[in-house]
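K.L.:
To be precise about what I am sending: the file is called coords_2.csv and holds CSV, C-alpha atoms and all ligand atoms.
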```csv
chain,number,residue,atom,x,y,z
A,1208,MET,CA,44.6,-13.6,48.4
A,1209,SER,CA,44.0,-15.8,51.4
A,1210,GLU,CA,40.6,-16.7,49.9
A,1211,ARG,CA,42.3,-17.8,46.7
A,1212,HIS,CA,44.8,-19.8,48.7
A,1213,SER,CA,42.1,-21.7,50.6
A,1214,ALA,CA,40.3,-22.6,47.4
A,1215,ASP,CA,43.3,-24.3,45.8
A,1216,PRO,CA,43.1,-27.7,47.5
A,1217,GLN,CA,39.4,-27.8,46.6
A,1218,ARG,CA,40.2,-26.9,43.1
A,1219,ARG,CA,42.9,-29.6,42.9
A,1220,ALA,CA,40.5,-32.2,44.4
A,1221,PHE,CA,37.8,-31.2,41.9
A,1222,LEU,CA,40.2,-31.5,39.0
A,1223,ARG,CA,41.5,-34.9,40.2
A,1224,ALA,CA,37.9,-36.2,40.4
A,1225,VAL,CA,37.1,-34.9,36.9
A,1226,ALA,CA,40.3,-36.5,35.6
A,1227,SER,CA,39.5,-39.9,37.2
A,1228,ALA,CA,36.0,-39.9,35.7
A,1229,ALA,CA,37.3,-39.2,32.3
A,1230,THR,CA,39.7,-42.1,32.7
A,1231,LEU,CA,37.0,-44.4,33.8
A,1232,GLY,CA,34.7,-43.3,31.1
A,1233,THR,CA,31.6,-44.2,33.0
A,1234,LEU,CA,31.0,-44.4,36.7
A,1235,SER,CA,30.2,-47.8,38.1
A,1236,LEU,CA,27.6,-47.6,40.8
A,1237,PRO,CA,27.4,-49.9,43.8
A,1238,THR,CA,24.5,-52.3,43.8
A,1239,LEU,CA,22.9,-50.9,46.9
A,1240,ALA,CA,19.5,-50.2,45.4
A,1241,PRO,CA,17.4,-49.9,48.6
A,1242,LEU,CA,20.0,-47.6,50.1
A,1243,GLN,CA,20.1,-45.5,46.9
A,1244,ALA,CA,16.3,-45.2,46.9
A,1245,PHE,CA,16.4,-44.0,50.5
A,1246,ALA,CA,19.2,-41.5,49.7
A,1247,LYS,CA,17.1,-40.3,46.8
A,1248,GLU,CA,14.2,-39.7,49.1
A,1249,MET,CA,16.3,-37.8,51.6
A,1250,GLU,CA,17.7,-35.7,48.8
A,1251,MET,CA,14.2,-34.6,47.8
A,1252,LEU,CA,13.7,-33.3,51.4
A,1253,VAL,CA,17.0,-31.4,51.6
A,1254,LYS,CA,17.8,-28.6,49.3
A,1255,GLY,CA,20.9,-26.3,49.3
A,1256,PRO,CA,20.4,-22.5,49.7
A,1257,PRO,CA,19.5,-20.1,46.9
A,1258,VAL,CA,22.5,-18.7,44.9
A,1259,PRO,CA,22.9,-14.9,45.3
A,1260,ASP,CA,21.7,-12.9,42.2
A,1261,ILE,CA,24.2,-12.0,39.5
A,1262,PRO,CA,22.6,-9.4,37.2
A,1263,ALA,CA,22.8,-10.4,33.5
A,1264,ASN,CA,24.9,-8.5,31.0
A,1265,LYS,CA,23.2,-7.6,27.7
A,1266,LEU,CA,25.5,-8.5,24.8
A,1267,GLY,CA,23.3,-7.8,21.8
A,1268,LYS,CA,19.7,-7.0,20.9
A,1269,TYR,CA,18.6,-10.5,22.0
A,1270,THR,CA,21.4,-12.0,24.0
A,1271,TYR,CA,22.1,-11.8,27.7
A,1272,VAL,CA,24.7,-13.6,29.9
A,1273,VAL,CA,25.0,-14.3,33.6
A,1274,ILE,CA,28.7,-14.4,34.1
A,1275,ALA,CA,30.3,-16.7,36.7
A,1276,PRO,CA,33.1,-14.9,38.5
A,1277,ASP,CA,35.0,-18.2,39.3
A,1278,GLY,CA,36.2,-21.0,37.1
A,1279,PHE,CA,36.0,-23.8,39.7
A,1280,PRO,CA,33.3,-24.7,42.2
A,1281,ASN,CA,33.7,-24.2,46.0
A,1282,PRO,CA,31.4,-23.8,49.0
A,1283,LYS,CA,31.5,-20.0,48.8
A,1284,ASN,CA,30.4,-19.7,45.1
A,1285,GLN,CA,27.9,-22.6,45.5
A,1286,GLY,CA,29.0,-24.0,42.2
A,1287,MET,CA,28.5,-20.8,40.2
A,1288,MET,CA,31.5,-21.6,37.9
A,1289,SER,CA,30.2,-21.3,34.3
A,1290,ASN,CA,28.2,-18.7,32.4
A,1291,VAL,CA,24.5,-19.1,31.7
A,1292,THR,CA,23.2,-17.4,28.5
A,1293,PHE,CA,19.6,-16.5,27.6
A,1294,VAL,CA,18.3,-15.2,24.4
A,1295,VAL,CA,15.0,-13.3,24.4
A,1296,THR,CA,13.2,-14.1,21.1
A,1297,LYS,CA,9.8,-13.1,19.8
A,1298,GLN,CA,8.5,-16.6,20.8
A,1299,GLY,CA,10.1,-16.8,24.2
A,1300,VAL,CA,13.4,-17.2,26.1
A,1301,VAL,CA,16.0,-19.7,24.9
A,1302,ILE,CA,18.7,-20.9,27.4
A,1303,LEU,CA,22.2,-21.8,26.2
A,1304,ASP,CA,23.9,-23.9,29.0
A,1305,SER,CA,21.9,-23.9,32.2
A,1306,GLY,CA,24.5,-23.8,35.0
A,1307,ALA,CA,25.8,-26.3,37.6
A,1308,SER,CA,22.7,-26.7,39.8
A,1309,VAL,CA,19.0,-26.2,40.2
A,1310,GLN,CA,19.8,-23.2,42.5
A,1311,ILE,CA,21.8,-21.6,39.7
A,1312,GLY,CA,19.0,-22.2,37.2
A,1313,GLU,CA,16.6,-20.6,39.6
A,1314,MET,CA,18.9,-17.6,40.1
A,1315,VAL,CA,19.0,-17.1,36.3
A,1316,LEU,CA,15.2,-17.3,36.1
A,1317,ARG,CA,15.1,-14.3,38.5
A,1318,GLN,CA,17.5,-12.4,36.2
A,1319,ILE,CA,15.4,-13.3,33.1
A,1320,ARG,CA,12.3,-11.8,34.9
A,1321,LYS,CA,14.2,-8.5,35.1
A,1322,ALA,CA,14.5,-8.5,31.2
A,1323,THR,CA,11.2,-10.0,30.1
A,1324,ASP,CA,8.0,-11.8,31.2
A,1325,LYS,CA,8.1,-14.2,28.3
A,1326,PRO,CA,8.3,-17.9,29.2
A,1327,VAL,CA,11.4,-20.1,28.7
A,1328,ILE,CA,10.7,-22.2,25.6
A,1329,ALA,CA,13.9,-24.2,25.0
A,1330,VAL,CA,17.2,-25.1,26.6
A,1331,PHE,CA,20.4,-26.0,24.7
A,1332,ASN,CA,23.4,-27.8,26.3
A,1333,THR,CA,26.9,-27.5,24.7
A,1334,HIS,CA,28.4,-30.6,26.2
A,1335,TYR,CA,28.2,-33.2,29.1
A,1336,HIS,CA,30.2,-31.5,31.8
A,1337,GLY,CA,27.8,-30.9,34.6
A,1338,ASP,CA,28.5,-27.2,35.0
A,1339,HIS,CA,26.8,-26.7,31.6
A,1340,TRP,CA,23.5,-28.7,32.1
A,1341,LEU,CA,22.7,-29.5,35.8
A,1342,GLY,CA,20.7,-26.3,35.9
A,1343,ASN,CA,18.3,-27.9,33.3
A,1344,HIS,CA,16.3,-29.1,36.4
A,1345,ALA,CA,15.2,-25.5,37.2
A,1346,PHE,CA,13.8,-24.8,33.8
A,1347,VAL,CA,11.9,-28.1,33.5
A,1348,GLU,CA,10.5,-27.5,37.0
A,1349,ALA,CA,9.3,-24.0,35.9
A,1350,TYR,CA,8.2,-25.0,32.4
A,1351,LYS,CA,7.1,-28.6,32.1
A,1352,ASP,CA,7.8,-30.4,28.8
A,1353,ILE,CA,10.2,-27.9,27.3
A,1354,PRO,CA,12.7,-29.3,24.9
A,1355,ILE,CA,16.3,-29.7,26.0
A,1356,TYR,CA,18.6,-30.0,23.0
A,1357,ALA,CA,22.1,-31.6,22.9
A,1358,HIS,CA,24.2,-33.7,20.6
A,1359,PRO,CA,23.1,-37.4,21.1
A,1360,LEU,CA,26.6,-38.3,22.4
A,1361,THR,CA,26.2,-35.7,25.1
A,1362,THR,CA,22.8,-37.0,26.1
A,1363,SER,CA,24.1,-40.6,26.2
A,1364,ALA,CA,27.1,-39.7,28.3
A,1365,ILE,CA,24.8,-37.9,30.8
A,1366,LYS,CA,22.5,-40.9,31.0
A,1367,THR,CA,25.4,-43.5,31.4
A,1368,GLY,CA,27.4,-42.1,34.3
A,1369,GLN,CA,28.4,-38.5,33.7
A,1370,GLY,CA,25.0,-37.4,35.1
A,1371,GLU,CA,25.4,-38.9,38.6
A,1372,PHE,CA,29.1,-38.3,38.6
A,1373,TRP,CA,28.7,-34.5,38.1
A,1374,GLN,CA,25.7,-34.3,40.4
A,1375,HIS,CA,27.8,-35.7,43.2
A,1376,LEU,CA,31.0,-33.9,42.3
A,1377,MET,CA,29.2,-30.6,42.5
A,1378,GLU,CA,27.7,-31.6,45.9
A,1379,ARG,CA,31.1,-32.5,47.2
A,1380,SER,CA,32.9,-29.5,45.8
A,1381,THR,CA,30.3,-27.0,47.3
A,1382,ASP,CA,29.8,-28.6,50.7
A,1383,ASN,CA,26.3,-29.7,49.5
A,1384,ALA,CA,25.2,-26.2,48.4
A,1385,THR,CA,23.8,-27.8,45.2
A,1386,LEU,CA,21.8,-30.5,47.0
A,1387,GLY,CA,18.4,-31.0,45.5
A,1388,THR,CA,19.6,-30.8,41.9
A,1389,ILE,CA,18.2,-33.7,40.0
A,1390,VAL,CA,19.9,-35.0,36.8
A,1391,THR,CA,17.8,-33.8,34.0
A,1392,PRO,CA,19.2,-35.0,30.7
A,1393,PRO,CA,18.5,-33.5,27.3
A,1394,ASN,CA,15.5,-34.9,25.5
A,1395,LYS,CA,16.0,-33.8,21.9
A,1396,ASP,CA,18.9,-34.4,19.5
A,1397,ILE,CA,20.7,-31.8,17.5
A,1398,HIS,CA,23.4,-32.1,14.8
A,1399,HIS,CA,25.7,-29.9,12.9
A,1400,GLY,CA,23.8,-27.4,10.7
A,1401,ASP,CA,20.5,-27.6,12.5
A,1402,GLU,CA,18.7,-24.3,12.7
A,1403,PHE,CA,16.0,-23.1,15.1
A,1404,ASN,CA,13.9,-20.1,14.2
A,1405,TYR,CA,12.1,-18.3,17.0
A,1406,GLY,CA,10.5,-15.6,15.0
A,1407,ASP,CA,13.1,-12.9,15.1
A,1408,VAL,CA,16.1,-15.0,16.2
A,1409,THR,CA,17.8,-18.0,14.6
A,1410,ILE,CA,20.0,-20.4,16.6
A,1411,ARG,CA,22.4,-22.3,14.3
A,1412,CYS,CA,24.2,-25.4,15.6
A,1413,HIS,CA,27.9,-26.1,14.9
A,1414,HIS,CA,29.6,-29.4,15.6
A,1415,TYR,CA,33.1,-30.2,14.2
A,1416,GLY,CA,33.9,-33.5,15.9
A,1417,LYS,CA,35.9,-34.0,19.0
A,1418,ALA,CA,37.3,-30.8,20.5
A,1419,HIS,CA,36.8,-30.2,24.3
A,1420,THR,CA,34.7,-33.3,24.4
A,1421,PRO,CA,33.6,-35.7,21.6
A,1422,ALA,CA,30.3,-33.9,21.1
A,1423,ASP,CA,30.6,-30.1,21.6
A,1424,VAL,CA,27.9,-28.1,19.9
A,1425,CYS,CA,28.5,-24.3,19.5
A,1426,PHE,CA,25.5,-22.0,19.1
A,1427,GLU,CA,25.5,-19.1,16.6
A,1428,ILE,CA,22.9,-16.5,17.6
A,1429,VAL,CA,22.7,-15.3,14.0
A,1430,GLU,CA,21.0,-11.9,14.3
A,1431,ASP,CA,23.2,-10.8,17.2
A,1432,ARG,CA,26.4,-12.1,15.4
A,1433,ILE,CA,27.4,-13.9,18.6
A,1434,VAL,CA,28.8,-17.4,18.8
A,1435,HIS,CA,28.4,-19.3,22.1
A,1436,VAL,CA,31.4,-21.7,22.0
A,1437,GLY,CA,30.8,-23.7,25.2
A,1438,ASP,CA,34.2,-24.9,26.4
A,1439,VAL,CA,35.8,-25.2,23.0
A,1440,ALA,CA,37.5,-21.9,23.9
A,1441,MET,CA,37.8,-20.2,27.3
A,1442,ASP,CA,38.7,-16.7,28.3
A,1443,ARG,CA,41.8,-16.9,30.5
A,1444,ARG,CA,40.9,-20.2,32.0
A,1445,ILE,CA,42.5,-23.6,31.6
A,1446,ALA,CA,40.1,-26.3,32.4
A,1447,PHE,CA,40.8,-29.9,31.4
A,1448,MET,CA,41.3,-31.7,28.2
A,1449,GLU,CA,41.0,-35.4,29.3
A,1450,ASP,CA,37.9,-35.9,27.1
A,1451,GLY,CA,39.2,-33.7,24.3
A,1452,SER,CA,41.8,-33.2,21.6
A,1453,TYR,CA,44.2,-30.4,20.8
A,1454,LEU,CA,44.1,-31.0,17.0
A,1455,GLY,CA,40.3,-31.4,17.2
A,1456,THR,CA,40.1,-28.1,19.0
A,1457,PHE,CA,42.3,-26.3,16.4
A,1458,LYS,CA,40.1,-27.8,13.7
A,1459,ALA,CA,36.9,-26.7,15.4
A,1460,MET,CA,38.4,-23.2,15.9
A,1461,ASP,CA,39.3,-23.0,12.2
A,1462,GLU,CA,35.8,-23.8,11.2
A,1463,LEU,CA,34.2,-21.4,13.8
A,1464,GLN,CA,36.5,-18.5,12.7
A,1465,LYS,CA,34.8,-18.7,9.3
A,1466,ILE,CA,31.6,-17.4,10.9
A,1467,LYS,CA,33.3,-14.1,11.7
A,1468,PRO,CA,31.0,-13.1,14.6
A,1469,LYS,CA,31.4,-9.8,16.4
A,1470,LEU,CA,31.6,-11.6,19.8
A,1471,TRP,CA,32.7,-15.0,21.1
A,1472,LEU,CA,30.8,-16.1,24.2
A,1473,PRO,CA,32.7,-18.7,26.2
A,1474,GLY,CA,31.3,-21.0,28.9
A,1475,HIS,CA,34.0,-19.6,31.3
A,1476,GLY,CA,35.3,-16.0,31.5
A,1477,GLN,CA,34.3,-12.8,29.7
A,1478,PRO,CA,32.9,-12.6,26.2
A,1479,GLY,CA,35.0,-10.8,23.6
A,1480,PRO,CA,36.2,-10.5,20.0
A,1481,ASP,CA,39.5,-12.3,20.6
A,1482,VAL,CA,38.6,-15.2,22.9
A,1483,LEU,CA,39.3,-17.8,20.2
A,1484,LYS,CA,42.5,-16.2,19.1
A,1485,ASN,CA,43.9,-15.8,22.6
A,1486,ASN,CA,43.0,-19.2,23.9
A,1487,ARG,CA,44.4,-20.8,20.7
A,1488,GLU,CA,47.7,-19.1,21.2
A,1489,LEU,CA,48.0,-20.7,24.6
A,1490,LEU,CA,46.9,-24.2,23.4
A,1491,GLU,CA,49.2,-24.0,20.4
A,1492,GLY,CA,52.1,-23.1,22.7
A,1493,ILE,CA,51.5,-26.2,24.8
A,1494,TYR,CA,50.9,-28.5,21.8
A,1495,GLY,CA,53.6,-27.0,19.6
A,1496,ALA,CA,56.3,-27.4,22.3
A,1497,CYS,CA,55.3,-31.0,22.8
A,1498,VAL,CA,55.6,-31.7,19.0
A,1499,GLU,CA,59.0,-30.1,19.1
A,1500,ALA,CA,60.1,-32.2,22.1
A,1501,ILE,CA,59.0,-35.4,20.4
A,1502,GLN,CA,60.7,-34.5,17.1
A,1503,GLN,CA,63.9,-34.1,19.2
A,1504,GLY,CA,63.3,-37.4,20.9
A,1505,LYS,CA,62.9,-35.8,24.3
A,1506,PRO,CA,60.9,-37.4,27.2
A,1507,LEU,CA,57.8,-35.9,28.8
A,1508,GLU,CA,59.7,-34.2,31.6
A,1509,GLU,CA,61.8,-32.2,29.2
A,1510,ALA,CA,58.7,-31.4,27.1
A,1511,LYS,CA,57.2,-29.8,30.3
A,1512,THR,CA,60.3,-27.5,30.6
A,1513,MET,CA,59.9,-26.6,26.9
A,1514,VAL,CA,56.2,-25.8,27.3
A,1515,LEU,CA,56.9,-23.5,30.2
A,1516,ALA,CA,59.6,-21.7,28.2
A,1517,ASP,CA,57.4,-21.3,25.1
A,1518,PRO,CA,56.7,-17.5,24.5
A,1519,ARG,CA,53.0,-18.2,23.7
A,1520,VAL,CA,52.6,-20.1,27.0
A,1521,LYS,CA,54.6,-17.5,29.0
A,1522,LYS,CA,52.4,-14.7,27.6
A,1523,TRP,CA,49.2,-16.3,29.0
A,1524,ALA,CA,50.4,-18.3,32.0
A,1525,SER,CA,50.1,-15.5,34.7
A,1526,GLN,CA,46.7,-14.4,33.6
A,1527,THR,CA,45.2,-17.8,33.2
A,1528,LYS,CA,43.2,-19.2,36.1
A,1529,GLY,CA,44.1,-22.8,37.0
A,1530,PHE,CA,47.3,-22.7,35.1
A,1531,ASN,CA,49.7,-23.9,37.7
A,1532,GLU,CA,47.4,-26.7,38.9
A,1533,ASN,CA,46.7,-27.9,35.3
A,1534,ILE,CA,49.7,-27.3,33.1
A,1535,GLY,CA,51.4,-30.6,34.0
A,1536,ASN,CA,48.3,-32.5,33.1
A,1537,TYR,CA,47.7,-30.4,29.9
A,1538,THR,CA,51.3,-31.1,28.8
A,1539,SER,CA,51.1,-34.9,29.2
A,1540,LEU,CA,47.8,-34.9,27.3
A,1541,ALA,CA,49.4,-32.8,24.5
A,1542,TYR,CA,52.5,-35.0,24.5
A,1543,THR,CA,50.5,-38.2,24.2
A,1544,GLU,CA,48.4,-36.8,21.4
A,1545,ALA,CA,51.5,-35.4,19.6
A,1546,GLU,CA,53.2,-38.8,20.0
A,1547,GLN,CA,50.2,-40.6,18.4
A,1548,VAL,CA,50.1,-38.2,15.5
A,1549,ASN,CA,53.8,-38.0,14.8
A,1550,PHE,CA,54.7,-41.7,15.0
A,1601,ZN,ZN,33.6,-28.5,30.0
```
What is this file in structure tokens?

P.N.:
Amino acid sequence: MSERHSADPQRRAFLRAVASAATLGTLSLPTLAPLQAFAKEMEMLVKGPPVPDIPANKLGKYTYVVIAPDGFPNPKNQGMMSNVTFVVTKQGVVILDSGASVQIGEMVLRQIRKATDKPVIAVFNTHYHGDHWLGNHAFVEAYKDIPIYAHPLTTSAIKTGQGEFWQHLMERSTDNATLGTIVTPPNKDIHHGDEFNYGDVTIRCHHYGKAHTPADVCFEIVEDRIVHVGDVAMDRRIAFMEDGSYLGTFKAMDELQKIKPKLWLPGHGQPGPDVLKNNRELLEGIYGACVEAIQQGKPLEEAKTMVLADPRVKKWASQTKGFNENIGNYTSLAYTEAEQVNF
């Protein structure tokens, strides 16, 4: 319990930083080019320690996931805050989201070696939050010139501020455990409906507009009937919605439900058959209470009370990590979005 307690200020600081980056849109860098070049050189010399092994779980004939126990980065977990998935195909290993640092990518490579000696042949990133792609560095280091796929809006966001922002945010949040991680943006575009065939496994791309971010891509591992949803849905986590949309998330969930997979694989938390349904219930509780508040002409403060009293929210609050720290923010975002839609 004391461990959880001590991590809370870090978690709050992390979420504040994420929120401010979203508000700014892009990060403006100081014009200290020589100093930056020097810092870059120093960075190459210093590298954070290896991340302890987390054995992969096998979810299907082809799909494995290395599950992050925590939802937020801190010095103890060294930034291991999001799941890394790998799919062993006839042609080689495909990575779906690569983790939050080069060290995490390297740890996942060690787990891959326990399952297969095939090379990694492709990396896919769901969206531009750094815990889902900073690990790209490790795979490019091990396998030169491999394609890294993402939606073009994800790639441009990484190249225009989100890259450095997340690199430094992870360093700060982990007491420099992720040091040595170099921003390695995607190099190939994907769009809704794209399919990649790797001999025995097909990866199908799903993008339904703005949901958790403007450019989330979910990956259907067709033969295993598993859908990797990135952060469009989380398992008992509440992250942040600054870049996203409630209604967009519901729309994306409607479309994804049509796939009827046997398992949803979220970026955070455990995979399961009810991840979308459960997460949607919580989000609909928050958004629904805000719509009601607006229809009754109530201000934000009263909307917050209504959200906390909503039975759907009450049902999930106690088992949702980050709930207390984030619910205020989540509610104001829902209130703003509901106001825009209803007036
Ligand atoms: Zn995210």

K.L.:
Determine the nearest neighbour of ligand ZN 1601 (chain A) from the options A:Thr1292, A:Ser1452, A:Thr1333, A:Asn1485, counting all atoms listed in the file.

P.N.:
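Among the listed residues, A:Thr1333 lies closest to ligand ZN 1601 (chain A).
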
K.L.:
Could you please extract the residues within 8 Å of ligand ZN 1601 (chain A), counting only C-alpha atoms and all ligand atoms, and hand them back as a VMD selection string?

P.N.:
chain A and resid 1334 to 1339 1419 to 1420 1437 to 1438 1446 to 1447 1474

K.L.:
I'd like the contact shell of Asp1277 of chain A - 12 Å cut-off, all atoms listed in the file, skipping same-chain residues fewer than 4 positions apart - returned as a ChimeraX atom specification.

P.N.:
/A:1211,1214,1218,1281-1290,1338,1442-1444,1446,1474-1477,1527-1529

K.L.:
Residues near Ala1500 of chain A, anyone? I mean within 12 Å using all atoms listed in the file, not counting same-chain ones fewer than 6 positions away, as a CSV table (one decimal) with C-alpha atoms, keeping the file's coordinate frame.

P.N.:
```csv
chain,number,residue,atom,x,y,z
A,1493,ILE,CA,51.5,-26.2,24.8
A,1494,TYR,CA,50.9,-28.5,21.8
A,1506,PRO,CA,60.9,-37.4,27.2
A,1507,LEU,CA,57.8,-35.9,28.8
A,1508,GLU,CA,59.7,-34.2,31.6
A,1509,GLU,CA,61.8,-32.2,29.2
A,1510,ALA,CA,58.7,-31.4,27.1
A,1511,LYS,CA,57.2,-29.8,30.3
A,1512,THR,CA,60.3,-27.5,30.6
A,1513,MET,CA,59.9,-26.6,26.9
A,1514,VAL,CA,56.2,-25.8,27.3
A,1517,ASP,CA,57.4,-21.3,25.1
A,1538,THR,CA,51.3,-31.1,28.8
A,1539,SER,CA,51.1,-34.9,29.2
A,1541,ALA,CA,49.4,-32.8,24.5
A,1542,TYR,CA,52.5,-35.0,24.5
A,1543,THR,CA,50.5,-38.2,24.2
A,1545,ALA,CA,51.5,-35.4,19.6
A,1546,GLU,CA,53.2,-38.8,20.0
A,1549,ASN,CA,53.8,-38.0,14.8
```

K.L.:
Within 12 Å of Pro1259 of chain A, counting all atoms listed in the file, which residues qualify if same-chain residues fewer than 2 places away don't, as a count of residues only?

P.N.:
20

K.L.:
Please indicate the distance in Å from atom CA of Tyr1537 of chain A to atom CA of Ala1496 of chain A, rounded to one decimal place.

P.N.:
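For atom CA of Tyr1537 of chain A relative to atom CA of Ala1496 of chain A, the distance reads 11.9 Å.
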
K.L.:
Using only C-alpha atoms, which residues of segment 1426-1460 of chain A come within 12 Å of segment 1302-1308 of chain A, and what is the closest atom pair for each, with the distance in Å to one decimal? Give it as CSV, sorted by chain and residue number.

P.N.:
```
residue,atom,partner,partner_atom,distance
A:Phe1426,CA,A:Leu1303,CA,7.8
A:Glu1427,CA,A:Leu1303,CA,10.5
A:Ile1428,CA,A:Leu1303,CA,10.1
A:Val1434,CA,A:Leu1303,CA,10.8
A:His1435,CA,A:Leu1303,CA,7.8
A:Val1436,CA,A:Leu1303,CA,10.1
A:Gly1437,CA,A:Asp1304,CA,7.9
A:Asp1438,CA,A:Asp1304,CA,10.7
```

K.L.:
Neighbouring residues of Asp1352 of chain A were defined as those with any atom within 12 Å, considering all atoms listed in the file; residues of the same chain fewer than 6 positions away were excluded. Please report them as a short mmCIF file (atom, residue, chain, number, x, y, z; two decimals) with C-alpha atoms, in the frame of the given file.

P.N.:
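Result file part_28.cif:
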```cif
data_model
loop_
_atom_site.label_atom_id
_atom_site.label_comp_id
_atom_site.auth_asym_id
_atom_site.auth_seq_id
_atom_site.Cartn_x
_atom_site.Cartn_y
_atom_site.Cartn_z
CA VAL A 1327 11.40 -20.10 28.70
CA ILE A 1328 10.70 -22.20 25.60
CA ALA A 1329 13.90 -24.20 25.00
CA VAL A 1330 17.20 -25.10 26.60
CA ASN A 1343 18.30 -27.90 33.30
CA HIS A 1344 16.30 -29.10 36.40
CA PHE A 1346 13.80 -24.80 33.80
CA THR A 1391 17.80 -33.80 34.00
CA PRO A 1393 18.50 -33.50 27.30
CA ASN A 1394 15.50 -34.90 25.50
CA LYS A 1395 16.00 -33.80 21.90
#
```

K.L.:
How many Å lie between atom CA of Asn1533 of chain A and atom CA of Gly1370 of chain A, rounded to one decimal?

P.N.:
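If I compute the distance from atom CA of Asn1533 of chain A to atom CA of Gly1370 of chain A, I get 23.7 Å.
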
K.L.:
Determine, counting all atoms listed in the file, which protein, DNA and RNA residues have an atom within 9 Å of an atom of Ala1524 of chain A; residues of the same chain fewer than 5 positions away are not included. Present the result as a list of chain:residue names.

P.N.:
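Near Ala1524 of chain A, the qualifying residues are A:Arg1443, A:Leu1489, A:Leu1515, A:Arg1519, A:Phe1530, A:Asn1531.
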
K.L.:
Which of these residues is nearest to Leu1470 of chain A, using all atoms listed in the file: A:Gln1298, A:Gln1243, A:Asn1383, A:Thr1270?

P.N.:
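Looking only at the distances to Leu1470 of chain A, the closest residue turns out to be A:Thr1270.
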
K.L.:
Could you check which of A:Gln1464, A:Asn1536, A:Thr1296, A:Asn1264 is closest to Glu1449 of chain A, using all atoms listed in the file?

P.N.:
A:Asn1536

K.L.:
Figure out the distance between atom CA of Ala1357 of chain A and atom CA of Pro1480 of chain A, please, to one decimal in Å.

P.N.:
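According to the coordinates, atom CA of Pro1480 of chain A and atom CA of Ala1357 of chain A are separated by 25.5 Å.
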
K.L.:
Give as a PyMOL selection string every residue, naming chains and numbers as the document does, that has an atom within 12 Å of (16.0, -15.0, 24.8), counting only C-alpha atoms.

P.N.:
chain A and resi 1263+1265-1272+1291-1303+1316+1318-1320+1322-1331+1404-1410+1428+1431

K.L.:
Give as a ChimeraX atom specification the set of residues within 8 Å of the point (23.8, -33.9, 14.2), where distances use the file's coordinates and all atoms listed in the file.

P.N.:
/A:1358-1359,1396-1401,1414
